[in-house]
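Listing of entry.txt, compact mmCIF, C-alpha atoms
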# COMPACT_ATOMS: atom_id res chain seq x y z
CA ILE A 708 -14.23 -95.32 59.07
CA THR A 709 -11.64 -96.50 56.56
CA ARG A 710 -12.82 -99.59 54.69
CA ILE A 711 -10.00 -102.04 54.03
CA VAL A 712 -9.84 -104.51 51.16
CA GLN A 713 -9.03 -107.74 52.96
CA GLY A 714 -8.29 -110.04 50.01
CA HIS A 715 -5.50 -112.38 51.11
CA SER A 716 -4.53 -110.31 54.14
CA GLY A 717 -5.07 -111.59 57.67
CA GLY A 718 -7.81 -109.58 59.27
CA GLU A 719 -9.95 -110.26 62.28
CA LEU A 720 -13.70 -110.44 62.74
CA SER A 721 -15.29 -107.33 64.20
CA GLY A 722 -17.39 -107.43 67.36
CA LEU A 723 -20.49 -107.67 65.18
CA GLY A 724 -18.86 -110.44 63.15
CA LYS A 725 -18.16 -112.42 66.33
CA GLU A 726 -21.82 -112.10 67.35
CA GLN A 727 -22.95 -113.23 63.90
CA VAL A 728 -20.76 -116.36 63.89
CA GLN A 729 -22.14 -117.39 67.30
CA LYS A 730 -25.64 -117.27 65.80
CA LEU A 731 -24.49 -119.17 62.71
CA ALA A 732 -22.99 -121.90 64.90
CA LYS A 733 -26.32 -122.31 66.72
CA ARG A 734 -28.04 -122.60 63.32
CA LEU A 735 -25.58 -125.22 62.03
CA VAL A 736 -25.11 -127.37 65.15
CA HIS A 737 -27.94 -129.74 64.23
CA GLU A 738 -27.00 -130.09 60.55
CA PRO A 739 -25.62 -133.55 59.68
CA LEU A 740 -22.12 -132.47 58.62
CA ASP A 741 -19.44 -134.98 57.59
CA VAL A 742 -16.61 -132.56 56.81
CA VAL A 743 -15.83 -128.84 56.70
CA TYR A 744 -13.66 -127.16 54.09
CA CYS A 745 -12.60 -123.74 55.28
CA SER A 746 -10.46 -120.95 53.86
CA ASP A 747 -7.12 -120.90 55.63
CA LEU A 748 -7.40 -117.16 56.28
CA ASN A 749 -7.93 -116.13 59.89
CA ARG A 750 -11.36 -114.53 59.50
CA CYS A 751 -12.83 -117.79 58.14
CA LYS A 752 -11.13 -119.80 60.88
CA GLN A 753 -12.75 -117.44 63.39
CA THR A 754 -16.10 -117.98 61.66
CA LEU A 755 -15.79 -121.74 62.18
CA GLU A 756 -14.50 -121.72 65.79
CA PRO A 757 -17.89 -121.40 67.57
CA LEU A 758 -19.31 -124.35 65.64
CA LEU A 759 -16.27 -126.50 66.46
CA LEU A 760 -16.85 -125.80 70.16
CA LEU A 761 -20.36 -127.24 69.80
CA LYS A 762 -19.72 -130.10 67.38
CA LYS A 763 -16.80 -132.34 66.45
CA ILE A 764 -16.33 -132.28 62.67
CA PRO A 765 -13.22 -132.96 60.58
CA VAL A 766 -11.87 -129.70 59.07
CA ILE A 767 -9.69 -129.17 56.03
CA TYR A 768 -8.21 -125.67 55.78
CA THR A 769 -7.38 -124.70 52.22
CA PRO A 770 -6.02 -121.66 50.37
CA LEU A 771 -8.30 -122.60 47.46
CA LEU A 772 -11.27 -121.06 49.31
CA ARG A 773 -9.52 -117.74 49.93
CA GLU A 774 -11.05 -114.48 48.83
CA ARG A 775 -9.93 -112.89 45.58
CA ASN A 776 -6.28 -111.93 45.71
CA TYR A 777 -6.03 -108.17 45.35
CA GLY A 778 -2.24 -108.43 45.04
CA ILE A 779 -0.49 -105.23 46.06
CA TYR A 780 -3.87 -103.90 47.28
CA ASN A 781 -4.45 -106.63 49.92
CA GLY A 782 -4.96 -104.84 53.24
CA LYS A 783 -5.12 -101.38 51.62
CA PRO A 784 -7.94 -98.84 51.94
CA ARG A 785 -10.81 -99.46 49.52
CA SER A 786 -10.32 -95.90 48.22
CA GLU A 787 -6.92 -96.92 46.77
CA VAL A 788 -8.50 -99.90 45.00
CA GLU A 789 -11.27 -97.69 43.60
CA ILE A 790 -8.68 -95.25 42.20
CA TYR A 791 -6.84 -98.13 40.52
CA ILE A 792 -10.09 -99.43 39.02
CA GLU A 793 -11.02 -95.97 37.69
CA LEU A 794 -7.59 -95.66 36.05
CA GLN A 795 -8.02 -99.08 34.40
CA LYS A 796 -11.58 -98.58 33.11
CA PRO A 797 -10.52 -96.96 29.81
CA LEU A 798 -8.05 -99.80 29.22
CA ILE A 799 -10.30 -102.81 29.85
CA LYS A 800 -13.73 -103.71 28.49
CA ASP A 801 -14.74 -106.15 31.21
CA LEU A 802 -13.98 -105.18 34.81
CA PHE A 803 -14.44 -108.80 35.92
CA GLY A 804 -11.30 -109.47 33.90
CA LEU A 805 -9.31 -106.77 35.70
CA ARG A 806 -6.34 -108.47 37.30
CA PHE A 807 -4.77 -106.59 40.19
CA PRO A 808 -0.95 -106.29 40.14
CA GLN A 809 0.40 -109.53 41.69
CA GLY A 810 -3.22 -110.61 42.21
CA GLU A 811 -6.21 -112.08 40.40
CA SER A 812 -9.20 -111.07 38.37
CA PHE A 813 -12.70 -112.22 39.30
CA TYR A 814 -12.45 -114.70 36.42
CA ASP A 815 -9.25 -116.10 37.98
CA LEU A 816 -11.07 -116.47 41.31
CA ARG A 817 -14.01 -118.17 39.60
CA GLU A 818 -11.68 -120.62 37.82
CA ARG A 819 -9.96 -121.45 41.13
CA ILE A 820 -13.33 -122.07 42.79
CA SER A 821 -14.54 -124.14 39.82
CA SER A 822 -11.49 -126.40 39.98
CA PHE A 823 -11.89 -126.76 43.76
CA LEU A 824 -15.60 -127.61 43.41
CA ASN A 825 -15.07 -130.19 40.68
CA ASN A 826 -12.42 -131.98 42.75
CA LEU A 827 -14.50 -131.72 45.92
CA LEU A 828 -17.57 -133.31 44.34
CA ILE A 829 -15.48 -136.31 43.27
CA LYS A 830 -13.56 -136.68 46.54
CA GLU A 831 -16.48 -136.15 48.94
CA GLN A 832 -19.31 -137.69 46.92
CA GLY A 833 -22.34 -138.49 49.07
CA LYS A 834 -21.13 -136.49 52.08
CA ASN A 835 -22.66 -133.47 53.80
CA ILE A 836 -20.07 -130.74 53.34
CA LEU A 837 -19.86 -127.29 54.88
CA LEU A 838 -17.82 -124.67 53.04
CA ILE A 839 -16.61 -121.60 54.93
CA THR A 840 -15.32 -118.96 52.57
CA HIS A 841 -15.45 -115.25 51.72
CA GLY A 842 -17.91 -112.99 49.88
CA GLY A 843 -16.26 -112.94 46.45
CA ALA A 844 -15.48 -116.66 46.58
CA THR A 845 -19.09 -117.33 47.57
CA VAL A 846 -20.33 -115.32 44.58
CA ALA A 847 -18.02 -117.32 42.32
CA LEU A 848 -19.30 -120.59 43.81
CA LEU A 849 -22.96 -119.57 43.57
CA SER A 850 -22.56 -118.31 40.01
CA LEU A 851 -21.14 -121.69 39.01
CA LEU A 852 -23.79 -123.77 40.80
CA LEU A 853 -26.67 -121.58 39.59
CA GLU A 854 -25.19 -121.33 36.07
CA LYS A 855 -25.20 -117.53 36.17
CA ASP A 856 -22.60 -115.40 34.50
CA VAL A 857 -20.52 -112.83 36.33
CA THR A 858 -23.01 -110.04 35.69
CA ALA A 859 -25.18 -111.60 38.44
CA TYR A 860 -22.47 -110.64 40.98
CA GLU A 861 -24.56 -108.13 42.93
CA GLN A 862 -27.62 -110.42 42.98
CA LEU A 863 -25.57 -113.28 44.42
CA LYS A 864 -23.44 -111.29 46.85
CA PRO A 865 -24.12 -112.59 50.36
CA GLN A 866 -24.27 -110.75 53.64
CA ASN A 867 -21.81 -111.94 56.28
CA THR A 868 -22.64 -115.44 57.62
CA ALA A 869 -25.29 -115.99 54.92
CA LEU A 870 -26.11 -119.66 54.47
CA SER A 871 -26.81 -121.40 51.16
CA ILE A 872 -27.68 -125.09 50.87
CA PHE A 873 -27.39 -127.26 47.77
CA VAL A 874 -28.30 -130.93 47.52
CA PHE A 875 -26.28 -133.08 45.11
CA GLU A 876 -27.80 -136.34 43.87
CA LYS A 877 -27.04 -138.53 40.87
CA GLY A 878 -24.81 -135.95 39.21
CA LYS A 879 -27.34 -133.16 39.58
CA HIS A 880 -27.88 -130.49 42.20
CA ARG A 881 -30.74 -128.39 43.46
CA LEU A 882 -30.84 -125.25 45.53
CA GLU A 883 -32.61 -125.47 48.89
CA LEU A 884 -31.57 -122.18 50.49
CA LEU A 885 -29.88 -119.09 49.09
CA ASN A 886 -27.98 -116.50 51.15
CA CYS A 887 -30.25 -116.96 54.16
CA ILE A 888 -29.53 -114.76 57.18
CA GLN A 889 -32.61 -115.72 59.20
CA HIS A 890 -30.32 -117.01 61.98
CA LEU A 891 -29.21 -113.40 62.60
CA THR A 892 -32.71 -112.22 63.60
Represent the structure from my file as structure tokens, please.
Amino acid sequence: ITRIVQGHSGGELSGLGKEQVQKLAKRLVHEPLDVVYCSDLNRCKQTLEPLLLLKKIPVIYTPLLRERNYGIYNGKPRSEVEIYIELQKPLIKDLFGLRFPQGESFYDLRERISSFLNNLLIKEQGKNILLITHGGATVALLSLLLEKDVTAYEQLKPQNTALSIFVFEKGKHRLELLNCIQHLT
């Protein structure tokens, strides 16, 4: 099986992915949600569809929640990306700073997510918000909310359809659930 780096490319959910999003929808249907912000890429839209069939919620699709942009490597086999990374290792001290040609570094992604989050918390203050995004963007979001640096990437990396819940009150937030996949069992 050839693994493809999705990045900003289209992509579809696999059969397993479609099963997982059905289970996620059943888990979320009773949550008091005021608004959903969803990546505008197709695989996130497909993740949200089963929930929207069960519950009417306003949705805002945004490119700000897209996965990291792998530039010329979007949609390419992971093996090509790994070769590029190996060639760059001697030239760069911090791989999180590696910017793909016509793409972004993880730090760029994290800055994009930080800006989105800061604006969201002002605009949607006091609301119950669901974010539907991708693995790398989720790690960036979690690292910001949990005040972890990028070296915590592997610890924070979610499985597909993992659910995290944060409560925001009086300018502070607390974690209630982190990368939970109990709905898949």
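You will find atom CA of Asp747 of chain A at 26.3 Å from atom CA of Gln889 of chain A.
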Using all atoms listed in the file, pick whichever of A:Ile888, A:Val712, A:Leu882, A:Val874 has the shortest atom-to-atom distance to Asn781 of chain A.
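Using all atoms listed in the file, the shortest distance to Asn781 of chain A belongs to A:Val712.
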Using all atoms listed in the file, determine which residues lie at most 9 Å from Asn835 of chain A, disregarding the query and same-chain residues fewer than 5 positions distant; provide the list as a VMD selection string.
chain A and resid 738 to 743 874
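Atom CA of His841 of chain A is positioned 17.1 Å from atom CA of Leu758 of chain A.
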If we draw a sphere of 6 Å around (-20.7, -124.6, 66.1), which residues have at least one atom in it when counting all atoms listed in the file? Please report them as a PDB file with C-alpha atoms, in the frame of the given file.
ATOM      1  CA  ALA A 732     -22.990-121.900  64.900  1.00  0.00           C
ATOM      2  CA  VAL A 736     -25.110-127.370  65.150  1.00  0.00           C
ATOM      3  CA  PRO A 757     -17.890-121.400  67.570  1.00  0.00           C
ATOM      4  CA  LEU A 758     -19.310-124.350  65.640  1.00  0.00           C
ATOM      5  CA  LEU A 759     -16.270-126.500  66.460  1.00  0.00           C
ATOM      6  CA  LEU A 760     -16.850-125.800  70.160  1.00  0.00           C
ATOM      7  CA  LEU A 761     -20.360-127.240  69.800  1.00  0.00           C
ATOM      8  CA  LYS A 762     -19.720-130.100  67.380  1.00  0.00           C
TER       9      LYS A 762
END
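Residue nearest Asp801 of chain A within the list A:Val728, A:Val766, A:Leu851, A:Val857: A:Val857 [criterion: smallest interatomic distance, only C-alpha atoms].
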